[in-house]
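First up is the structure itself, then whatever we jot down about it.
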Amino acid sequence: MTAEPIEVTVEEDRRSDAFLSVRDLRVHFPTGDGLVKAVDGLTFDLDRGEVLGIVGESGSGKSVTSQAILGLHKGSQAKVTGEIWYNGQDLNSADEKDMRSLRGAEIAMIFQDPLSSLHPFYTVGSQVSEAYRVHNDVSRAAARKRAVEMLKLVGIPNADRRYDDYPHQFSGGMRQRAMIAMALICDPALLIADEPTTALDVTVQAQILELLKNMQREFDSAIILITHDLGVVAETCDQVVVMYGGQCVEKGAVNDIFYRPEMPYAWGLLGSMPRMDRDRQTRLKPIKGSPPSLINVPTGCVFNPRCAYQHHVEGDRCVTEHPDLLETAPGHAVRCHIEPEKRREIFEHEVKVDL
Amino acid sequence: MTGVDVENSEPSAAADTAAIEDDSLLVVRDLKKHFPIKGGLFGRQVGAVRAVDGVSFSVGAGETLGLVGESGCGKSTAGRTVTMLLEPTAGSIRFDGREIAGYSRNQMRGLRRDVQMIFQDPYSSLNPRHTIGTIVGAPFRIQKVKTEKGIKAEVQGLLERVGLNPEHYNRYPHEFSGGQRQRIGIARAIALQPKLIVCDEPVSALDVSIQAQVVNLLEDLQNEFDLAYIFVAHDLSVVRHISDRVAVMYLGKIMELTTRDTLYSAPMHPYTHALMSAVPVPDPEKEGRRERILLVGDLPSPINPPAGCVFHTRCPLYREVLTDSQKEKCVAIEPGLDEAAPGHLVYCHYPTVRADVAQAEDIGVTTAIEAVTVVDETGDPKESPASADQEK
């Protein structure tokens, strides 16, 4: 690894060639208790044919980010600032009518909880075909045919019969497959998958991830995969954004994050999960404490109350000064006060051995 | 060794093997739970969902038995039937020397002290209208247990033990995060110092960093109170971490039951192979090299399970390797949960060791065993994911 860190903040101008470019995205919710800074200054680029993983715990702002991209906060109390460039268009300033024509057709989303995102009063089939009929001028019968095709593609047995079932008659895995069918029915260019396989079994998860990858290869679409499962990230993603407390704390290519992580939070995540590919540890090493409140975000570094490596920083900068997201190697940026040299040393000698 | 023989299957003959010990804290034999399907004009029973269809296992004091499988395999139903939250259709449950399978609700109430449960969803398993003091104190009140310093002091001690602030006694569940709620559920379960806790997916709703905290807490409590756990989960890595022995379930039956180390280093059932190969590991390069055994088709309906071996409809071994004459046996005769190796029970006519799916560090993942060919659902040659070699 080269020694000299490249001291460039990542918040540079948007890359003109990026398919999706998010610049300094902030989503703040005013509440009775105070301002909830759900996402606070997120910047990333995504190219066609790429899979971007957004990893983080609940409350880290992953889902809110995806909702902001889809413009789902419009008309709500939320204050969304920053730019979301999609195909040369700033989605954040686009009006609701434009967003409607994009949603479902070009940008589709798979939600986390299939039970609450399917309407209980309508049959699964009608909900899947509705997505198609909204964006395509086709007959009911044609939409039904297409929907059955999609349901088959995502692996629902007897799709033509199950078309008329209601969501409660589907198992959790099948509901998620129906959601995926609904999202893919218009061949979207950008697919946002919010924890798409969290509710699924591993063998089904393997099938669904395979399905997503095949689809992506076929249509050269871009995928934003929001997940907390690092295994899924390792399997599917090209780029990774690690989020914590509404901020991006580390981002880079998938190999950077898994083989050369530099942020103590990323170390903690990698270290706290039991792994089947390693010898069994006698004891897991959790990150102490719990994620921060987004109303009273810790001063200084967001991770400082849980960080075990603060003694490597002189003085109390971790508590007083908010670190910038700085590039440590090309394409790999870290938000941490510890000197890059030192971070690599700690990772090599203290963290890696325990992973 | 007596194994299940389908032609003359006597429930008691199910498994007199080393892996199921008679003098354990809990001995379950040939347990069945069928949910009736009512239909027709008079609401007669027209069929049954065979959620649990003849499982046998034992759990010793202070031991953890992992129950893994995919949704719909009956693992949760098995857990609930063992605690008599559901009444078993058939079979025997011996707990602490007593046969509890026929117990009434009243009889069970006395036993609830010794058998507790931790539920999956920390949001729906706590009454939102009760304070956590009430929730954690409920076992004492219901069981009319006298406490030395009063229930409140006892509850606060419990809260402290599970890592919560005892001053939060009067707070409501919505004021806590998921991980904290799960700790409340754990405090309630250990309140009466039970001997056995059935943990139904206790950590699957939690964040990774919190998961590790709760798993560690469960382990500490086990050591402290000599608890036995039945750990129902779908996450194979967590199960490996916490369990002493593991049972893999599929369609209401146990496919494989053995010690943790044996199961994860030398799994013998084709379903276990598929399950293990499907777990993604947080290592992009290894992910790129690994071959998945994708199961084709869907889980058959537990209303009408396949004849013979219940797994044969999706079995890679059956489809790819076995000869026609071998296949006949799979379709005609249901295998028993037989001892394929000492202490290693496998429900398969042709158990095969596959170490390559086990993913352990020292085992080369690329060495495929010739006896079994890796199959892909689409038949496409599998490419390594772009993530592994794309560096920017």
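Quick note on naming: the chains in the structure tokens go A, B, ... in the order shown, residues restart at 1 in each chain, and ligands are numbered from 1 in order of appearance.
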Restrict the distance test to only C-alpha atoms, flag each residue of chain A within 6 Å of chain B, and return the flagged residues as a compact mmCIF listing (two decimals) with N, CA and C atoms, in the first residue's frame.
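Result file is out_22.txt:
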```
# COMPACT_ATOMS: atom_id res chain seq x y z
N GLU A 57 -26.44 -0.48 10.13
CA GLU A 57 -27.42 -1.05 11.03
C GLU A 57 -28.74 -0.31 10.88
N ASP A 201 -35.06 -17.43 3.25
CA ASP A 201 -34.16 -18.51 3.63
C ASP A 201 -32.89 -18.47 2.80
N VAL A 202 -31.84 -19.07 3.32
CA VAL A 202 -30.56 -18.99 2.60
C VAL A 202 -30.63 -19.60 1.21
N THR A 203 -31.30 -20.73 1.06
CA THR A 203 -31.32 -21.33 -0.27
C THR A 203 -32.15 -20.47 -1.21
N ALA A 206 -30.07 -17.42 -2.02
CA ALA A 206 -29.10 -17.71 -3.08
C ALA A 206 -29.77 -17.62 -4.44
N LEU A 230 -23.19 -8.68 5.54
CA LEU A 230 -21.93 -8.49 4.82
C LEU A 230 -21.66 -9.63 3.85
N GLY A 231 -22.20 -10.80 4.14
CA GLY A 231 -22.04 -11.92 3.22
C GLY A 231 -22.70 -11.63 1.89
N VAL A 232 -23.89 -11.06 1.94
CA VAL A 232 -24.61 -10.71 0.72
C VAL A 232 -23.83 -9.64 -0.04
N ALA A 234 -20.57 -9.15 0.03
CA ALA A 234 -19.39 -9.77 -0.57
C ALA A 234 -19.77 -10.52 -1.83
N GLU A 235 -20.95 -11.09 -1.82
CA GLU A 235 -21.34 -11.90 -2.95
C GLU A 235 -21.77 -11.08 -4.14
N CYS A 237 -21.89 -7.20 -4.48
CA CYS A 237 -21.63 -5.79 -4.75
C CYS A 237 -20.26 -5.53 -5.38
N ASP A 238 -20.20 -4.41 -6.12
CA ASP A 238 -18.93 -3.93 -6.66
C ASP A 238 -18.39 -2.81 -5.79
N SER A 272 -17.87 -8.76 14.51
CA SER A 272 -18.93 -9.19 15.41
C SER A 272 -19.76 -10.32 14.85
N PRO A 274 -20.52 -14.07 13.52
CA PRO A 274 -19.95 -15.40 13.48
C PRO A 274 -19.77 -15.81 12.02
N ARG A 275 -18.67 -16.45 11.72
CA ARG A 275 -18.41 -16.76 10.31
C ARG A 275 -18.24 -18.24 10.11
N MET A 276 -18.90 -18.73 9.06
CA MET A 276 -18.80 -20.15 8.77
C MET A 276 -17.49 -20.50 8.09
N ASP A 277 -16.82 -19.50 7.55
CA ASP A 277 -15.61 -19.81 6.79
C ASP A 277 -14.36 -19.70 7.65
N ARG A 278 -14.56 -19.52 8.94
CA ARG A 278 -13.41 -19.45 9.84
C ARG A 278 -13.59 -20.45 10.95
N LEU A 284 -18.00 -14.19 20.60
CA LEU A 284 -18.15 -13.15 19.60
C LEU A 284 -17.67 -11.82 20.18
N PRO A 286 -18.78 -8.28 20.07
CA PRO A 286 -19.74 -7.27 19.63
C PRO A 286 -19.15 -5.87 19.74
N ILE A 287 -19.78 -4.93 19.02
CA ILE A 287 -19.43 -3.53 19.24
C ILE A 287 -20.20 -3.10 20.47
```
Item to check | Residues near B:Val82, cut-off 10 Å, only C-alpha atoms, skip fewer than 2 positions along chain, as a ChimeraX atom specification | outcome: /B:26-28,31,76-80,84-88,92-95,100-101,115,198,230
Output C-alpha atoms for every residue in that selection, as a PDB file, in the first residue's frame.
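Listing of result_27.pdb after writing:
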```
ATOM      1  CA  LEU B  26     -35.685 -33.457  27.337  1.00  0.00           C
ATOM      2  CA  VAL B  27     -36.290 -36.496  25.196  1.00  0.00           C
ATOM      3  CA  VAL B  28     -38.579 -36.115  22.234  1.00  0.00           C
ATOM      4  CA  LEU B  31     -43.166 -36.073  17.756  1.00  0.00           C
ATOM      5  CA  SER B  76     -40.672 -23.279  15.120  1.00  0.00           C
ATOM      6  CA  THR B  77     -43.641 -25.628  15.392  1.00  0.00           C
ATOM      7  CA  ALA B  78     -41.333 -28.234  16.859  1.00  0.00           C
ATOM      8  CA  GLY B  79     -40.092 -25.689  19.381  1.00  0.00           C
ATOM      9  CA  ARG B  80     -43.600 -24.681  20.332  1.00  0.00           C
ATOM     10  CA  MET B  84     -46.698 -27.565  24.836  1.00  0.00           C
ATOM     11  CA  LEU B  85     -47.736 -24.202  23.469  1.00  0.00           C
ATOM     12  CA  LEU B  86     -49.125 -26.401  20.742  1.00  0.00           C
ATOM     13  CA  GLU B  87     -50.614 -29.751  21.565  1.00  0.00           C
ATOM     14  CA  PRO B  88     -48.738 -32.560  19.860  1.00  0.00           C
ATOM     15  CA  SER B  92     -43.724 -38.482  23.357  1.00  0.00           C
ATOM     16  CA  ILE B  93     -42.094 -35.553  25.127  1.00  0.00           C
ATOM     17  CA  ARG B  94     -40.263 -36.516  28.288  1.00  0.00           C
ATOM     18  CA  PHE B  95     -39.077 -33.574  30.305  1.00  0.00           C
ATOM     19  CA  ILE B 100     -45.669 -34.180  29.373  1.00  0.00           C
ATOM     20  CA  ALA B 101     -47.189 -34.839  25.974  1.00  0.00           C
ATOM     21  CA  VAL B 115     -39.572 -24.460  30.377  1.00  0.00           C
ATOM     22  CA  VAL B 198     -36.714 -22.612  23.630  1.00  0.00           C
ATOM     23  CA  ILE B 230     -33.241 -25.307  21.939  1.00  0.00           C
TER      24      ILE B 230
END
```
Which neighbours of A:Leu70 fall inside 8 Å, counting only C-alpha atoms, when residues of the same chain fewer than 4 positions from it are skipped, and could you give them as a tab-separated table (two decimals) with C-alpha atoms, in the first residue's frame?
```tsv
chain	number	residue	atom	x	y	z
A	66	SER	CA	-33.33	4.99	-0.97
A	91	LEU	CA	-34.47	14.02	-9.00
A	99	MET	CA	-41.17	11.24	-10.47
A	103	ARG	CA	-41.00	5.28	-10.49
A	107	ILE	CA	-36.38	3.23	-11.01
```
Next on the checklist: I need the residues of stretch 47-194 of chain A that end up classed as alpha helix (DSSP H) by DSSP on the backbone, written out as a ChimeraX atom specification.
Outcome noted: /A:62-69,96-102,114-117,124-135,140-153,159-162,172-184
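For stretch 143-153 of chain A, the residues within 7 Å (counting only C-alpha atoms, excluding itself and residues fewer than 4 positions away along the chain) are A:Gly125, A:Val128, A:Ser129, A:Tyr132, A:Arg133, A:Val138, A:Ser139, A:Pro157, A:Ala159, A:Asp160, A:Tyr163, A:Ala178, A:Ala181, A:Ile185.
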File dump, residues just selected, C-alpha atoms, as a compact mmCIF listing (two decimals), in the first residue's frame:
```txt
# COMPACT_ATOMS: atom_id res chain seq x y z
CA GLY A 125 -51.43 -10.81 -9.32
CA VAL A 128 -48.01 -7.11 -9.93
CA SER A 129 -49.81 -6.37 -13.16
CA TYR A 132 -47.08 -2.91 -15.66
CA ARG A 133 -50.38 -1.33 -16.67
CA VAL A 138 -51.81 -2.76 -22.52
CA SER A 139 -54.97 -4.73 -21.98
CA PRO A 157 -45.00 -22.35 -8.52
CA ALA A 159 -47.99 -18.87 -11.10
CA ASP A 160 -51.18 -18.70 -13.14
CA TYR A 163 -52.00 -14.98 -9.47
CA ALA A 178 -43.87 -11.26 -5.81
CA ALA A 181 -41.60 -9.59 -9.85
CA ILE A 185 -41.87 -6.10 -14.54
```
Next on the checklist: Can you tell me which residues surround B:Tyr350 at a distance of at most 9 Å, considering only C-alpha atoms, apart from same-chain residues fewer than 3 positions away, and format the answer as number ranges by chain?
Outcome noted: B: 268-269, 317, 322, 326, 347
